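Read the structure below first, then the notes.
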Amino acid sequence: MKFFMNRIVKDTARLTIVSFFLQGLGLLMNIIISNKLGTASVGIMTLIFSLFSFIMVLANGNIFISTSRFVSEEIGAGNGNVRRIMRLSIGFSLILSTTFALASAGLSGIISEKAGAGAELAVSVRIIALSLTPAALGSCIRGYFNGVRNVKVPCIGDIIEFAAKWASLMTGTVFLLDKGASVYILISASILIGEAVSCVYYVVKYSAEYRKFSALPERSPRITKISLYLKLSLPIVASGYVQMIMSTANETLVPIMLLRHDPSAERAMSEYGMFEAMIIPAVFYPAVILTSLSNIIIPEIARANSAADSRRVKSLISKVYDRSFCYSFFISGMLLTAGKNIGEIICPADGLVGETLVKMFPVVPFIYLEIVLEGIIKGLGKQNFSTVNSLCEYIIRIICVIIFVKLYGFAGVLISYYASNIYSNIVRIVFVCRTAKVPFDIFGYIIRPFVMCFFCCQFAMAAAKFMKFSSVLFETVIYLCIAAIVFIIMYELDKKAAPSRKYSLIR
């Protein structure tokens with residue numbers, strides 16, 4: 001068990017470092033584009049990326065999750081015949097993505113007309129359609145490497161995709177936008193370049209893997225027929241469809257309702273752009289460690305579950321809960337105490353970013369816990385519950401957007417996040433505890449993280465009083481570093497002082 005936990009920690013650390021780096025650069029790019037084109041243009045860019053994400057989920061059918069899980073279960077069951085699994089996964093992803101690519105290209109004119117954006121958006125949709133097949137194939141192969149726990153390949157693939165995408169976008173913004181190039185086409189072209197380049201990398205890496213496991217003796221796989229593969233895949237596909245359709249509906253409604261509340265279209269799009277491109281990335285930026293942990297925990301729990309190792313499943317869930325609750329409470333405290341300064345650094349021209357970061361601190365633990373809870377649920381194979389719960393979550397969010405954004409403007413967006421995240425994640429916690437028979441430790445998961453967070457904030461603020469800061473940036477960085485160091489020390493001392501409590505819940 002110690003070997004597996006050390007491996008999980010190392011793989012999570014690798015993914016986290018890469019994700020911190022890439023998401024930080026992505027946020028920096030949003031700030032640069034915002035300063036050059038204005039926050040309203042960032043809103044337009046966000047809408048295009050949302051459109052791509054919507055079409056991409058439809059086109060790849062959540063293939064990353066299904067491939068990662070099926071490969072892990074195949075290994076966990078002792079069969080080890082991943083060749084058949086990969087043939088089915090790659091074939092399914094290519095058929096699905098090609099179908100949606102043709103459909104998107106054919107409907108591009110209608111999509112552009114309904115959006116009221118003109119011919120430029122139609123060309124952009126056609127360019128996005130070209131990227132669907134390489135993106136789906138890359139996701140499938142990425143899922144394979146995640147399933148066999150070779151996280152180095154996905155890390156490098158993410159870096160390649162990011163570099164190609166943002167290098168082309170920034171080049172076009174700097175050199176072509178002033179010459180009349182369309183922002184729609186520049187963004188969609190950058191997406192195509194990023195997906196194509198990363199797909200080539202994944203195919204090259206997978207070719208070497210394929211030669212290795214093709215030379216092994218043929219064994220009987222768990223999934224022998226395409227009908228069984230589809231039966232197991234459809235709940236995963238449906239979950240991805242429900243989440244993306246509802247998410248897109250919500251993201252589309254937000255600017256519409258802001259426009260109805262605010263007579264200034266420029267201000268409405270500016271608020272939407274700041275929320276989607278600055279506030280949400282800033283909130284989720286520290287969560288990359290939990291995203292990495294979630295990606296690692298899916299194949300680990302799936303492998304243990306397929307081997308009927310309930311003790312290991314309980315151990316994994318208890319450890320994930322322990323780390324996730326402590327970390328989410330800590331980040332919540334950081335947003336409460338330093339959110340205003342962080343907002344001033346990100347967007348000095350508008351105080352809305354900093355004010356919103358502070359206001360979101362109570363809901364941050366729920367937002368963060370959703371990341372790992374969804375990973376646990378998918379690892380357990382309870383995809384149907386995930387689909388239904390996500391549907392309820394977005395229904396609550398959309399209803400709140402329709403009612404409260406029209407009445408209160410931007411504050412209504414925060415109300416929708418509070419209501420939907422608190423409800424859905426309490427339900428997720430209860431479901432996971434009951435399904436895996438893991439007791440919920442109120443002291444370990446609530447009281448202890450709160451006390452640690454409170455002490456870290458107080459110590460960092462006391463230490464900051466003895467220093468004179470020349471800038472907000474320097475003050476914020478020093479404060480966060482002190483708080484983070486204190487948090488790590490307290491967490492490690494707590495583990496050494498009470499090791500038995502960490503594992504007493506695992507029976």
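Residues in the structure tokens are numbered from 1 in each chain, the chains being A, B, ... in the order shown, and ligands are numbered from 1 in the order shown.
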
> Can you list, as an NGL selection string, every protein, DNA or RNA residue that comes within 9 Å of region 376-381 of chain A when you count only C-alpha atoms, leaving out same-chain residues fewer than 5 positions away?
Replying inline: :A and (65 or 69 or 236 or 294 or 297-303 or 305-306 or 313 or 317 or 386 or 428 or 431-432 or 435-436)

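Using only C-alpha atoms, the protein and nucleic acid residues lying no more than 12 Å from Lys465 (chain A), apart from those fewer than 5 places from it along its own chain, are Gln458, Phe459, Ala460, Glu475, Ile478 and Tyr479 of chain A.
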
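Among the candidates A:Ile331, A:Phe145, A:Ser104, A:Ala462, the residue lying nearest to Tyr285 (chain A) is A:Ile331 (atoms considered: only C-alpha atoms).
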
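Considering the residues A:Ser139, A:Ser315, A:Ser53, A:Thr67 and counting only C-alpha atoms, Val438 (chain A) has its shortest atom-to-atom contact with A:Ser315.
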
> Distance CA of Gly157 (chain A)-CA of Thr387 (chain A), one decimal place?
Replying inline: 28.6 Å

>> as a PyMOL selection string, please: every residue in region 194-270 of chain A that a backbone DSSP assignment puts in alpha helix (DSSP H).
In response: chain A and resi 194-214+226-261+265-270

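Going from CA of Phe330 (chain A) over to CA of Cys453 (chain A), you cover 4.9 Å.
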
>> I'd like the contact shell of Val125 (chain A) - 8 Å cut-off, only C-alpha atoms, skipping same-chain residues fewer than 2 positions apart - returned as a PyMOL selection string.
In response: chain A and resi 104-105+108+121-123+127-129+188

> What is the CA of Ile345 (chain A)-CA of Met274 (chain A) distance in Å, reported with one decimal?
Replying inline: 13.2 Å

>> Would you pick out the contacts of Ile371 (chain A) at 12 Å or less, using only C-alpha atoms, so that residues sharing its chain but fewer than 4 positions from it are not included, and give the list as JSON, numbers by chain?
In response: {"A": [284, 287, 288, 289, 290, 291, 292, 293, 294, 295, 296, 297, 298, 320, 321, 324, 325, 328, 364, 365, 366, 367, 375, 376, 377, 378, 386, 421, 424, 425, 428, 429]}

>> Under the rule that only C-alpha atoms are counted, which of A:Cys433, A:Ile442, A:Ile156, A:Met246 is the nearest residue to Ile396 (chain A)?
In response: A:Met246

>> Neighbouring residues of region 136-138 of chain A were defined as those with any atom within 12 Å, considering only C-alpha atoms; residues of the same chain fewer than 2 positions away were excluded. Please report them as a VMD selection string.
In response: chain A and resid 53 55 to 65 67 86 to 87 89 to 101 129 to 134 140 to 145 153 to 154 157 to 158 161 194 to 206
